[in-house]
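Participant: Pasting final39.json below, which is JSON, C-alpha atoms and all ligand atoms.
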[["chain", "number", "residue", "atom", "x", "y", "z"],
["F", 435, "MET", "CA", 0.00, 0.00, 0.00],
["F", 436, "SER", "CA", 1.16, 3.52, -0.74],
["F", 437, "GLN", "CA", 2.67, 5.40, 2.17],
["F", 438, "ASN", "CA", 1.64, 8.75, 0.78],
["F", 439, "GLY", "CA", -1.50, 10.53, 1.87],
["F", 440, "ILE", "CA", -2.71, 12.35, 4.95],
["F", 441, "HIS", "CA", -1.06, 11.50, 8.27],
["F", 442, "HIS", "CA", -3.27, 13.60, 10.56],
["F", 443, "VAL", "CA", -5.48, 16.69, 10.67],
["F", 444, "THR", "CA", -5.20, 19.14, 13.59],
["F", 445, "ALA", "CA", -7.92, 21.59, 14.57],
["F", 446, "PHE", "CA", -8.93, 23.99, 17.37],
["F", 447, "SER", "CA", -11.98, 23.25, 19.46],
["F", 448, "GLY", "CA", -13.95, 24.68, 22.35],
["F", 449, "PRO", "CA", -14.25, 22.87, 25.71],
["F", 450, "ALA", "CA", -12.19, 19.66, 25.94],
["F", 451, "ALA", "CA", -14.85, 17.55, 27.70],
["F", 452, "ARG", "CA", -17.44, 18.32, 24.99],
["F", 453, "ASN", "CA", -14.87, 17.51, 22.28],
["F", 454, "VAL", "CA", -14.05, 14.13, 23.85],
["F", 455, "ASP", "CA", -17.73, 13.31, 24.23],
["F", 456, "PHE", "CA", -18.55, 14.08, 20.58],
["F", 457, "TYR", "CA", -15.64, 12.29, 18.94],
["F", 458, "THR", "CA", -15.76, 9.18, 21.13],
["F", 459, "GLU", "CA", -19.45, 8.81, 22.03],
["F", 460, "VAL", "CA", -21.11, 10.16, 18.86],
["F", 461, "LEU", "CA", -18.55, 9.38, 16.13],
["F", 462, "GLY", "CA", -17.10, 6.33, 17.89],
["F", 463, "LEU", "CA", -13.42, 7.17, 17.38],
["F", 464, "ARG", "CA", -10.84, 6.05, 19.92],
["F", 465, "LEU", "CA", -9.07, 8.65, 22.06],
["F", 466, "VAL", "CA", -5.60, 7.29, 21.35],
["F", 467, "LYS", "CA", -3.52, 9.94, 23.13],
["F", 468, "LYS", "CA", -4.12, 12.49, 25.82],
["F", 469, "THR", "CA", -1.18, 14.87, 25.98],
["F", 470, "VAL", "CA", -0.53, 18.62, 25.87],
["F", 471, "ASN", "CA", 0.45, 21.05, 23.14],
["F", 472, "PHE", "CA", 4.26, 20.78, 23.40],
["F", 473, "ASP", "CA", 4.56, 24.46, 22.38],
["F", 474, "ASP", "CA", 1.90, 25.57, 24.91],
["F", 475, "PRO", "CA", 1.65, 22.96, 27.72],
["F", 476, "GLY", "CA", -1.35, 24.67, 29.36],
["F", 477, "THR", "CA", -3.51, 23.31, 26.51],
["F", 478, "TYR", "CA", -4.44, 19.69, 25.85],
["F", 479, "HIS", "CA", -3.52, 17.96, 22.64],
["F", 480, "LEU", "CA", -6.11, 15.22, 22.08],
["F", 481, "TYR", "CA", -5.67, 12.57, 19.38],
["F", 482, "TYR", "CA", -8.51, 10.44, 17.99],
["F", 483, "GLY", "CA", -8.14, 7.57, 15.55],
["F", 484, "ASP", "CA", -8.54, 3.87, 14.93],
["F", 485, "GLU", "CA", -7.42, 1.21, 17.40],
["F", 486, "THR", "CA", -3.73, 2.17, 17.27],
["F", 487, "GLY", "CA", -3.90, 5.65, 15.72],
["F", 488, "ARG", "CA", -2.62, 4.59, 12.31],
["F", 489, "PRO", "CA", -1.57, 7.37, 9.93],
["F", 490, "GLY", "CA", -4.58, 8.37, 7.85],
["F", 491, "THR", "CA", -7.01, 7.93, 10.76],
["F", 492, "ILE", "CA", -5.81, 10.61, 13.20],
["F", 493, "LEU", "CA", -7.78, 13.77, 13.96],
["F", 494, "THR", "CA", -6.26, 15.91, 16.71],
["F", 495, "PHE", "CA", -7.46, 18.95, 18.66],
["F", 496, "PHE", "CA", -6.13, 21.81, 20.73],
["F", 497, "PRO", "CA", -9.18, 22.51, 22.94],
["F", 498, "ILE", "CA", -9.51, 26.05, 24.28],
["F", 499, "GLU", "CA", -12.29, 26.43, 26.87],
["F", 500, "HIS", "CA", -13.50, 29.90, 25.81],
["F", 501, "ALA", "CA", -12.37, 30.00, 22.18],
["F", 502, "ALA", "CA", -14.23, 32.30, 19.76],
["F", 503, "PRO", "CA", -15.61, 30.46, 16.74],
["F", 504, "GLY", "CA", -13.52, 30.47, 13.56],
["F", 505, "ARG", "CA", -14.72, 31.52, 10.12],
["F", 506, "VAL", "CA", -13.73, 29.50, 7.08],
["F", 507, "GLY", "CA", -12.10, 31.41, 4.24],
["F", 508, "ILE", "CA", -9.36, 31.36, 1.65],
["F", 509, "GLY", "CA", -6.16, 29.55, 2.60],
["F", 510, "GLU", "CA", -7.92, 27.13, 4.94],
["F", 511, "THR", "CA", -9.31, 23.65, 5.16],
["F", 512, "GLN", "CA", -13.03, 23.84, 4.40],
["F", 513, "GLU", "CA", -14.05, 20.28, 5.13],
["F", 514, "THR", "CA", -12.59, 17.16, 6.73],
["F", 515, "ALA", "CA", -14.19, 13.90, 5.57],
["F", 516, "PHE", "CA", -14.16, 10.39, 7.03],
["F", 517, "ARG", "CA", -14.75, 7.06, 5.24],
["F", 518, "VAL", "CA", -17.55, 4.75, 6.21],
["F", 519, "PRO", "CA", -18.87, 1.63, 4.43],
["F", 520, "ARG", "CA", -21.22, 2.70, 1.66],
["F", 521, "ALA", "CA", -24.11, 0.72, 3.14],
["F", 522, "SER", "CA", -23.71, 2.55, 6.49],
["F", 523, "ILE", "CA", -24.63, 6.06, 5.30],
["F", 524, "GLY", "CA", -28.31, 5.51, 6.15],
["F", 525, "TRP", "CA", -27.43, 4.28, 9.63],
["F", 526, "TRP", "CA", -25.34, 7.41, 10.21],
["F", 527, "THR", "CA", -28.09, 9.73, 9.00],
["F", 528, "HIS", "CA", -30.38, 8.13, 11.54],
["F", 529, "ARG", "CA", -27.75, 8.47, 14.26],
["F", 530, "PHE", "CA", -27.28, 12.20, 13.57],
["F", 531, "ILE", "CA", -31.03, 12.75, 13.85],
["F", 532, "GLU", "CA", -31.15, 10.75, 17.09],
["F", 533, "LYS", "CA", -28.13, 12.56, 18.61],
["F", 534, "GLY", "CA", -29.16, 16.03, 17.41],
["F", 535, "VAL", "CA", -26.07, 16.48, 15.21],
["F", 536, "ALA", "CA", -26.40, 19.35, 12.69],
["F", 537, "HIS", "CA", -26.25, 17.80, 9.22],
["F", 538, "GLU", "CA", -27.30, 18.39, 5.61],
["F", 539, "ALA", "CA", -29.21, 16.22, 3.15],
["F", 540, "LEU", "CA", -27.18, 13.45, 1.53],
["F", 541, "VAL", "CA", -25.49, 14.60, -1.70],
["F", 542, "GLN", "CA", -23.33, 12.95, -4.35],
["F", 543, "VAL", "CA", -19.84, 14.44, -4.63],
["F", 544, "LEU", "CA", -17.70, 13.13, -7.49],
["F", 545, "GLY", "CA", -19.88, 10.03, -7.54],
["F", 546, "GLU", "CA", -19.76, 9.26, -3.82],
["F", 547, "PRO", "CA", -22.58, 9.64, -1.26],
["F", 548, "THR", "CA", -21.53, 12.42, 1.11],
["F", 549, "LEU", "CA", -23.22, 13.31, 4.39],
["F", 550, "ARG", "CA", -22.07, 16.73, 5.61],
["F", 551, "PHE", "CA", -22.33, 17.56, 9.30],
["F", 552, "ARG", "CA", -20.82, 19.77, 11.99],
["F", 553, "ASP", "CA", -19.25, 19.08, 15.35],
["F", 554, "PRO", "CA", -20.34, 21.08, 18.45],
["F", 555, "ASP", "CA", -17.89, 23.89, 17.52],
["F", 556, "GLY", "CA", -19.23, 24.16, 13.98],
["F", 557, "MET", "CA", -16.28, 22.36, 12.38],
["F", 558, "MET", "CA", -17.30, 21.25, 8.89],
["F", 559, "LEU", "CA", -17.09, 17.48, 8.56],
["F", 560, "ALA", "CA", -18.46, 14.81, 6.23],
["F", 561, "LEU", "CA", -18.92, 11.08, 6.01],
["F", 562, "VAL", "CA", -18.28, 9.59, 2.59],
["F", 563, "GLY", "CA", -19.78, 6.18, 1.78],
["F", 564, "VAL", "CA", -17.01, 4.14, 0.17],
["F", 565, "ALA", "CA", -17.58, 0.75, -1.48],
["F", 566, "GLY", "CA", -15.23, -1.78, 0.10],
["F", 567, "ALA", "CA", -14.43, 0.35, 3.17],
["F", 568, "GLU", "CA", -15.78, -2.42, 5.42],
["F", 569, "GLY", "CA", -12.34, -4.00, 5.66],
["F", 570, "GLY", "CA", -10.53, -0.76, 6.55],
["F", 571, "PHE", "CA", -8.83, 0.21, 9.81],
["F", 572, "ALA", "CA", -11.31, 1.14, 12.52],
["F", 573, "TRP", "CA", -11.90, 1.27, 16.27],
["F", 574, "THR", "CA", -14.33, -1.55, 16.88],
["F", 575, "GLY", "CA", -14.30, -1.36, 20.68],
["F", 576, "GLY", "CA", -16.10, 1.97, 20.87],
["F", 577, "ALA", "CA", -19.57, 3.51, 20.87],
["F", 578, "VAL", "CA", -20.44, 2.67, 17.23],
["F", 579, "PRO", "CA", -21.17, -0.91, 16.04],
["F", 580, "ALA", "CA", -18.11, -2.34, 14.25],
["F", 581, "GLU", "CA", -19.92, -2.71, 10.90],
["F", 582, "HIS", "CA", -20.66, 1.06, 10.75],
["F", 583, "ALA", "CA", -17.46, 2.40, 12.35],
["F", 584, "ILE", "CA", -15.44, 5.17, 10.70],
["F", 585, "ARG", "CA", -12.55, 3.80, 8.59],
["F", 586, "GLY", "CA", -10.12, 6.69, 8.86],
["F", 587, "PHE", "CA", -10.14, 9.79, 6.71],
["F", 588, "HIS", "CA", -11.49, 10.02, 3.22],
["F", 589, "GLY", "CA", -9.71, 13.35, 2.76],
["F", 590, "VAL", "CA", -9.80, 17.10, 3.12],
["F", 591, "THR", "CA", -11.08, 19.96, 0.98],
["F", 592, "LEU", "CA", -8.96, 23.12, 0.86],
["F", 593, "LEU", "CA", -10.48, 26.49, -0.04],
["F", 594, "LEU", "CA", -8.06, 28.42, -2.26],
["F", 595, "ASN", "CA", -7.74, 31.45, -4.48],
["F", 596, "GLU", "CA", -6.25, 29.28, -7.26],
["F", 597, "ALA", "CA", -5.55, 25.56, -7.38],
["F", 598, "GLY", "CA", -2.36, 25.37, -9.48],
["F", 599, "PRO", "CA", 0.42, 26.23, -6.99],
["F", 600, "THR", "CA", -0.99, 23.93, -4.28],
["F", 601, "ALA", "CA", -1.61, 21.17, -6.82],
["F", 602, "ALA", "CA", 2.06, 21.33, -7.81],
["F", 603, "ILE", "CA", 3.10, 20.53, -4.23],
["F", 604, "LEU", "CA", 0.58, 17.68, -3.92],
["F", 605, "THR", "CA", 1.64, 16.02, -7.15],
["F", 606, "ASP", "CA", 5.38, 16.70, -7.17],
["F", 607, "VAL", "CA", 6.21, 16.31, -3.46],
["F", 608, "PHE", "CA", 3.47, 14.08, -2.01],
["F", 609, "GLY", "CA", 2.78, 11.81, -4.99],
["F", 610, "PHE", "CA", -0.88, 12.70, -5.57],
["F", 611, "GLN", "CA", -2.56, 12.53, -9.00],
["F", 612, "GLU", "CA", -5.64, 14.31, -10.30],
["F", 613, "VAL", "CA", -8.61, 11.93, -10.38],
["F", 614, "GLY", "CA", -11.66, 14.11, -10.97],
["F", 615, "ARG", "CA", -13.23, 17.54, -11.41],
["F", 616, "GLU", "CA", -16.66, 18.87, -10.52],
["F", 617, "GLY", "CA", -17.47, 22.58, -10.68],
["F", 618, "ALA", "CA", -14.71, 24.49, -8.86],
["F", 619, "ALA", "CA", -13.40, 21.32, -7.19],
["F", 620, "ILE", "CA", -10.43, 19.26, -8.37],
["F", 621, "ARG", "CA", -9.75, 16.00, -6.56],
["F", 622, "TYR", "CA", -6.30, 14.47, -6.11],
["F", 623, "ALA", "CA", -5.61, 10.93, -4.91],
["F", 624, "SER", "CA", -2.49, 9.42, -3.37],
["F", 625, "GLY", "CA", -3.43, 5.76, -3.53],
["F", 626, "ALA", "CA", -3.50, 5.42, 0.27],
["F", 627, "GLU", "CA", -6.52, 3.59, 1.62],
["F", 628, "ALA", "CA", -7.18, 6.02, 4.49],
["F", 629, "GLY", "CA", -6.56, 9.73, 4.03],
["F", 630, "GLY", "CA", -5.90, 9.28, 0.33],
["F", 631, "PHE", "CA", -7.72, 12.32, -1.08],
["F", 632, "VAL", "CA", -7.21, 16.07, -1.18],
["F", 633, "THR", "CA", -9.79, 18.21, -3.00],
["F", 634, "LEU", "CA", -8.86, 21.75, -4.00],
["F", 635, "ARG", "CA", -11.73, 24.22, -4.33],
["F", 636, "ALA", "CA", -10.56, 27.32, -6.18],
["F", 637, "VAL", "CA", -12.92, 30.26, -5.69],
["F", 638, "GLY", "CA", -10.83, 33.28, -6.68],
["F", 639, "GLU", "CA", -10.69, 36.35, -4.47],
["F", 640, "PHE", "CA", -12.69, 35.73, -1.32],
["F", 641, "LEU", "CA", -12.51, 36.51, 2.40],
["F", 642, "ARG", "CA", -9.55, 35.05, 4.22],
["F", 643, "GLY", "CA", -10.33, 32.65, 7.03],
["F", 644, "ARG", "CA", -10.17, 33.55, 10.71],
["F", 645, "GLN", "CA", -8.88, 30.78, 12.94],
["F", 646, "GLY", "CA", -10.91, 29.84, 16.00],
["F", 647, "ALA", "CA", -12.89, 26.96, 17.45],
["F", 648, "GLY", "CA", -13.82, 24.60, 14.62],
["F", 649, "SER", "CA", -10.93, 25.72, 12.37],
["F", 650, "VAL", "CA", -8.37, 23.30, 11.02],
["F", 651, "HIS", "CA", -4.90, 24.47, 12.06],
["F", 652, "HIS", "CA", -2.88, 22.25, 9.72],
["F", 653, "ILE", "CA", -2.83, 19.14, 7.55],
["F", 654, "ALA", "CA", -0.02, 16.64, 8.03],
["F", 655, "PHE", "CA", 1.13, 14.40, 5.18],
["F", 656, "ARG", "CA", 2.89, 11.08, 5.64],
["F", 657, "ALA", "CA", 6.56, 10.27, 5.27],
["F", 658, "ALA", "CA", 7.59, 6.67, 6.00],
["F", 659, "ASP", "CA", 10.68, 7.75, 7.93],
["F", 660, "ASP", "CA", 13.27, 10.51, 8.33],
["F", 661, "ALA", "CA", 14.90, 9.76, 4.98],
["F", 662, "ALA", "CA", 11.61, 10.01, 3.09],
["F", 663, "GLN", "CA", 10.85, 13.25, 4.92],
["F", 664, "ALA", "CA", 14.28, 14.68, 4.06],
["F", 665, "ALA", "CA", 13.71, 13.87, 0.37],
["F", 666, "MET", "CA", 10.41, 15.77, 0.45],
["F", 667, "VAL", "CA", 12.04, 18.73, 2.20],
["F", 668, "ALA", "CA", 14.78, 18.80, -0.47],
["F", 669, "LYS", "CA", 12.10, 19.10, -3.19],
["F", 670, "LEU", "CA", 10.20, 21.80, -1.30],
["F", 671, "THR", "CA", 13.26, 23.97, -0.73],
["F", 672, "GLY", "CA", 15.09, 23.15, -3.98],
["F", 673, "THR", "CA", 12.46, 22.80, -6.70],
["F", 674, "HIS", "CA", 9.69, 24.90, -5.12],
["F", 675, "GLY", "CA", 11.70, 27.51, -3.21],
["F", 676, "LEU", "CA", 9.64, 27.14, -0.02],
["F", 677, "GLY", "CA", 10.87, 27.67, 3.54],
["F", 678, "VAL", "CA", 10.53, 24.67, 5.86],
["F", 679, "THR", "CA", 11.04, 24.49, 9.66],
["F", 680, "GLU", "CA", 13.67, 22.39, 11.39],
["F", 681, "GLN", "CA", 12.50, 18.89, 12.30],
["F", 682, "ARG", "CA", 10.63, 18.80, 15.63],
["F", 683, "ASP", "CA", 10.22, 15.71, 17.78],
["F", 684, "ARG", "CA", 6.49, 15.28, 18.46],
["F", 685, "GLN", "CA", 7.07, 12.08, 20.50],
["F", 686, "TYR", "CA", 4.76, 9.95, 18.29],
["F", 687, "PHE", "CA", 6.17, 11.21, 14.98],
["F", 688, "ARG", "CA", 8.80, 13.69, 13.80],
["F", 689, "SER", "CA", 7.61, 16.77, 11.94],
["F", 690, "VAL", "CA", 8.54, 19.63, 9.69],
["F", 691, "TYR", "CA", 6.12, 22.42, 8.81],
["F", 692, "PHE", "CA", 5.72, 24.79, 5.89],
["F", 693, "ARG", "CA", 3.15, 27.22, 4.51],
["F", 694, "GLU", "CA", 2.04, 25.93, 1.09],
["F", 695, "PRO", "CA", 1.59, 28.55, -1.67],
["F", 696, "GLY", "CA", -2.20, 28.69, -1.16],
["F", 697, "GLY", "CA", -1.78, 29.70, 2.48],
["F", 698, "VAL", "CA", -2.61, 26.43, 4.26],
["F", 699, "LEU", "CA", -0.18, 25.22, 6.93],
["F", 700, "PHE", "CA", 1.18, 21.81, 5.92],
["F", 701, "GLU", "CA", 3.26, 19.39, 7.97],
["F", 702, "ILE", "CA", 5.22, 16.29, 6.97],
["F", 703, "ALA", "CA", 5.02, 13.71, 9.78],
["F", 704, "THR", "CA", 6.87, 10.40, 9.92],
["F", 705, "ASP", "CA", 4.91, 7.15, 10.29],
["F", 706, "VAL", "CA", 7.33, 6.18, 13.08],
["F", 707, "PRO", "CA", 7.38, 5.65, 16.01],
["F", 708, "GLY", "CA", 3.58, 5.78, 16.54],
["F", 709, "PHE", "CA", 1.35, 6.04, 19.61],
["F", 710, "ALA", "CA", 2.38, 2.82, 21.38],
["F", 711, "VAL", "CA", 5.83, 4.30, 22.09],
["F", 712, "ASP", "CA", 4.90, 5.40, 25.65],
["F", 713, "GLU", "CA", 1.90, 3.23, 26.64],
["F", 714, "PRO", "CA", 0.52, -0.16, 25.56],
["F", 715, "VAL", "CA", -2.15, -0.32, 22.82],
["F", 716, "GLU", "CA", -4.76, -1.59, 25.33],
["F", 717, "ALA", "CA", -4.27, 1.53, 27.49],
["F", 718, "LEU", "CA", -4.02, 4.21, 24.79],
["F", 719, "GLY", "CA", -5.58, 7.55, 25.69],
["F", 720, "ARG", "CA", -6.37, 6.92, 29.36],
["F", 721, "ALA", "CA", -3.49, 8.62, 31.19],
["F", 722, "LEU", "CA", -2.08, 12.09, 30.55],
["F", 723, "LYS", "CA", 1.19, 11.48, 28.72],
["F", 724, "LEU", "CA", 3.97, 14.08, 28.73],
["F", 725, "PRO", "CA", 7.27, 14.15, 26.86],
["F", 726, "ALA", "CA", 10.40, 13.86, 29.04],
["F", 727, "PHE", "CA", 11.10, 17.61, 28.95],
["F", 728, "LEU", "CA", 7.68, 18.38, 30.48],
["F", 729, "GLU", "CA", 7.56, 15.50, 33.00],
["F", 730, "PRO", "CA", 9.23, 17.62, 35.76],
["F", 731, "HIS", "CA", 6.29, 20.07, 35.47],
["F", 732, "ARG", "CA", 3.52, 17.42, 35.57],
["F", 733, "ALA", "CA", 1.85, 18.60, 38.80],
["F", 734, "ARG", "CA", 1.55, 22.20, 37.58],
["F", 735, "ILE", "CA", 0.38, 21.13, 34.10],
["F", 736, "GLU", "CA", -2.26, 18.75, 35.49],
["F", 737, "GLY", "CA", -3.47, 21.50, 37.81],
["F", 738, "GLN", "CA", -4.13, 23.84, 34.87],
["F", 739, "LEU", "CA", -5.96, 21.40, 32.60],
["F", 740, "PRO", "CA", -9.74, 20.92, 32.71],
["F", 741, "GLN", "CA", -11.13, 17.53, 33.60],
["F", 742, "VAL", "CA", -11.93, 15.21, 30.68],
["F", 743, "ALA", "CA", -13.01, 11.56, 30.45],
["S", 1, "ZN", "ZN", 0.44, 18.08, 13.30]]
Could you show the structure in this file as structure tokens?
Ligand code: ZN

Facilitator:
Amino acid sequence: MSQNGIHHVTAFSGPAARNVDFYTEVLGLRLVKKTVNFDDPGTYHLYYGDETGRPGTILTFFPIEHAAPGRVGIGETQETAFRVPRASIGWWTHRFIEKGVAHEALVQVLGEPTLRFRDPDGMMLALVGVAGAEGGFAWTGGAVPAEHAIRGFHGVTLLLNEAGPTAAILTDVFGFQEVGREGAAIRYASGAEAGGFVTLRAVGEFLRGRQGAGSVHHIAFRAADDAAQAAMVAKLTGTHGLGVTEQRDRQYFRSVYFREPGGVLFEIATDVPGFAVDEPVEALGRALKLPAFLEPHRARIEGQLPQVA
């Protein structure tokens, strides 16, 4: 299987407890890591995914208790979509009605049934019914019956002034190929099973986004290891003339960041070492985990964080 594609998506949310409740109890994802924002340890960093938090299944949040809502605009992620088995879309529609989740009528997008909905902060999400997704990675020990469980990401939609410069990065650096067009949307695929799609929606001059609760902060793409990441960085700086950060150790992966030409913050994250590096798979997400450099400050950090499940 291709190791290209989306590694994780990171967003801002409002209150942490409400975020945990929605993503675990309503969507049935597994909380695979409870840690803090390494750059701002007074804030949680919550990771949701499949059983082990495989790349392509991971949605992460920085919850801020009193965050103002964001407004989607140019240079931002407009929609984050998950995969579910095609036959499960009806079950999910019923669940959203039952749980009072804001959602739209089912539509076909590039030939796939798409159920758009919002989380409690107004973040724009979708479920895409994918034929054959039944066998994909999932969390089957959670609040949603195994047969209907989310199978990682389908992909993201980026709202841009123009598609070309961003498309060049996707195709040349991350190995995506154009697979379809519909209206202002152009879809690119990487071949990865989960997190394999990026759709660019070019709308010309338009309001810029304002980041807040419900806004996606960045999209991380996969690199198998440090060497694969270094090769991508060489292309970004050499061929595309972009500035890239130094590599940062994020404990569960190693990352570099750059602003793509359309204005969206991109990251390249290694597949290694993964979330089982500091706690066993059975226990993922239960205890607050801190990197070694923050461990001496645990008592103070725990005292500042709100209570979550
Ligand atoms: Zn990230």

Participant: Write out as a ChimeraX atom specification the residues lying within 10 Å of region 501-514 of chain F, counting only C-alpha atoms and excluding same-chain residues fewer than 5 positions away.

Facilitator: /F:443,445-449,493,550-552,555-561,587-596,629,632-653,693-699

Participant: Can you work out which one of F:Val690, F:Leu722, F:Ala658, F:Ile498 has the shortest atom-to-atom distance to ligand ZN 1 (chain S), counting all atoms listed in the file?

Facilitator: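 Of all the options, F:Val690 lies closest to ligand ZN 1 (chain S).
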
Participant: Any idea what's packed within 12 Å of Val667 (chain F), counting all atoms listed in the file, ignoring anything in its chain fewer than 4 positions away? Could you give it as a ChimeraX atom specification?

Facilitator: /F:603,606-608,657,660-663,671-681,689-692,700-703

Participant: What is the CA of Ala572 (chain F)-CA of Phe516 (chain F) distance in Å, reported with one decimal?

Facilitator: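 That distance, rounded to one decimal, is 11.1 Å.
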
Participant: I'd like the neighbourhood of Val742 (chain F) as a PyMOL selection string, where a residue qualifies if any of its atoms comes within 10 Å (using only C-alpha atoms), though same-chain residues fewer than 5 positions away should be ignored.

Facilitator: chain F and resi 449-455+468+478

Participant: Please put the answer as AutoDock Vina command-line options: centre and edge lengths, in Å with one decimal, of a box along x, y and z that encloses all listed atoms of region 475-491 of chain F plus 8 Å on each side.

Facilitator:
--center_x -3.4 --center_y 12.9 --center_z 18.6 --size_x 26.2 --size_y 39.5 --size_z 37.5

Participant: Looking at F:Ile440, F:Leu739, F:Ala597, F:Ala654, which one is nearest to ligand ZN 1 (chain S), with distances taken over only C-alpha atoms and all ligand atoms?

Facilitator: F:Ala654

Participant: List the neighbours of Ala710 (chain F) out to 10 Å using all atoms listed in the file; skip same-chain residues closer than 3 positions along the sequence, and give me the result as a list in words.

Facilitator: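 What passes the distance filter is Val466, Lys467, Thr486, Gly487, Tyr686, Pro707, Glu713, Pro714, Val715, Glu716, Ala717 and Leu718 of chain F.
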
Participant: Those residues you just picked out, can you put them in a file as a PDB file, in the coordinates of the input with C-alpha atoms?

Facilitator:
ATOM      1  CA  VAL F 466      -5.600   7.290  21.350  1.00  0.00           C
ATOM      2  CA  LYS F 467      -3.520   9.940  23.130  1.00  0.00           C
ATOM      3  CA  THR F 486      -3.730   2.170  17.270  1.00  0.00           C
ATOM      4  CA  GLY F 487      -3.900   5.650  15.720  1.00  0.00           C
ATOM      5  CA  TYR F 686       4.760   9.950  18.290  1.00  0.00           C
ATOM      6  CA  PRO F 707       7.380   5.650  16.010  1.00  0.00           C
ATOM      7  CA  GLU F 713       1.900   3.230  26.640  1.00  0.00           C
ATOM      8  CA  PRO F 714       0.520  -0.160  25.560  1.00  0.00           C
ATOM      9  CA  VAL F 715      -2.150  -0.320  22.820  1.00  0.00           C
ATOM     10  CA  GLU F 716      -4.760  -1.590  25.330  1.00  0.00           C
ATOM     11  CA  ALA F 717      -4.270   1.530  27.490  1.00  0.00           C
ATOM     12  CA  LEU F 718      -4.020   4.210  24.790  1.00  0.00           C
TER      13      LEU F 718
END

Participant: So what do you get for CA of Lys723 (chain F) versus CA of Thr469 (chain F), distance-wise?

Facilitator: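 Computed distance, CA of Lys723 (chain F) to CA of Thr469 (chain F), equals 5.0 Å.
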
Participant: Which one is closest to ligand ZN 1 (chain S): F:Arg520, F:His479, F:His582, F:Arg734? Count all atoms listed in the file.

Facilitator: F:His479

Participant: Write out as a ChimeraX atom specification each polymer residue whose atoms come within 6 Å of Pro547 (chain F), counting all atoms listed in the file; drop sequence neighbours fewer than 4 positions from it.

Facilitator: /F:541-542,562-563

Participant: CA of Ala521 (chain F) to CA of Val564 (chain F): how many Å, to one decimal?

Facilitator: 8.4 Å

Participant: Output region 475-489 of chain F as an mmCIF file, in the coordinates of the input, making sure N, CA and C atoms are there.

Facilitator:
data_model
loop_
_atom_site.group_PDB
_atom_site.id
_atom_site.type_symbol
_atom_site.label_atom_id
_atom_site.label_comp_id
_atom_site.auth_asym_id
_atom_site.auth_seq_id
_atom_site.Cartn_x
_atom_site.Cartn_y
_atom_site.Cartn_z
ATOM 1 N N PRO F 475 2.054 24.117 26.891
ATOM 2 C CA PRO F 475 1.650 22.960 27.720
ATOM 3 C C PRO F 475 0.425 23.205 28.606
ATOM 4 N N GLY F 476 -0.116 24.433 28.623
ATOM 5 C CA GLY F 476 -1.350 24.670 29.360
ATOM 6 C C GLY F 476 -2.585 24.221 28.602
ATOM 7 N N THR F 477 -2.402 23.739 27.385
ATOM 8 C CA THR F 477 -3.510 23.310 26.510
ATOM 9 C C THR F 477 -3.356 21.825 26.213
ATOM 10 N N TYR F 478 -4.471 21.096 26.254
ATOM 11 C CA TYR F 478 -4.440 19.690 25.850
ATOM 12 C C TYR F 478 -4.070 19.562 24.381
ATOM 13 N N HIS F 479 -3.539 18.400 24.028
ATOM 14 C CA HIS F 479 -3.520 17.960 22.640
ATOM 15 C C HIS F 479 -4.153 16.577 22.640
ATOM 16 N N LEU F 480 -5.344 16.468 22.083
ATOM 17 C CA LEU F 480 -6.110 15.220 22.080
ATOM 18 C C LEU F 480 -6.061 14.603 20.696
ATOM 19 N N TYR F 481 -5.776 13.295 20.648
ATOM 20 C CA TYR F 481 -5.670 12.570 19.380
ATOM 21 C C TYR F 481 -6.759 11.500 19.313
ATOM 22 N N TYR F 482 -7.506 11.477 18.220
ATOM 23 C CA TYR F 482 -8.510 10.440 17.990
ATOM 24 C C TYR F 482 -8.124 9.658 16.743
ATOM 25 N N GLY F 483 -8.466 8.350 16.734
ATOM 26 C CA GLY F 483 -8.140 7.570 15.550
ATOM 27 C C GLY F 483 -8.735 6.184 15.605
ATOM 28 N N ASP F 484 -8.102 5.268 14.884
ATOM 29 C CA ASP F 484 -8.540 3.870 14.930
ATOM 30 C C ASP F 484 -7.907 3.218 16.158
ATOM 31 N N GLU F 485 -7.879 1.906 16.193
ATOM 32 C CA GLU F 485 -7.420 1.210 17.400
ATOM 33 C C GLU F 485 -6.024 1.648 17.853
ATOM 34 N N THR F 486 -5.104 1.840 16.896
ATOM 35 C CA THR F 486 -3.730 2.170 17.270
ATOM 36 C C THR F 486 -3.321 3.588 16.837
ATOM 37 N N GLY F 487 -4.241 4.324 16.230
ATOM 38 C CA GLY F 487 -3.900 5.650 15.720
ATOM 39 C C GLY F 487 -3.016 5.569 14.490
ATOM 40 N N ARG F 488 -3.401 4.718 13.546
ATOM 41 C CA ARG F 488 -2.620 4.590 12.310
ATOM 42 C C ARG F 488 -2.652 5.899 11.516
ATOM 43 N N PRO F 489 -1.552 6.197 10.815
ATOM 44 C CA PRO F 489 -1.570 7.370 9.930
ATOM 45 C C PRO F 489 -2.740 7.260 8.948
#
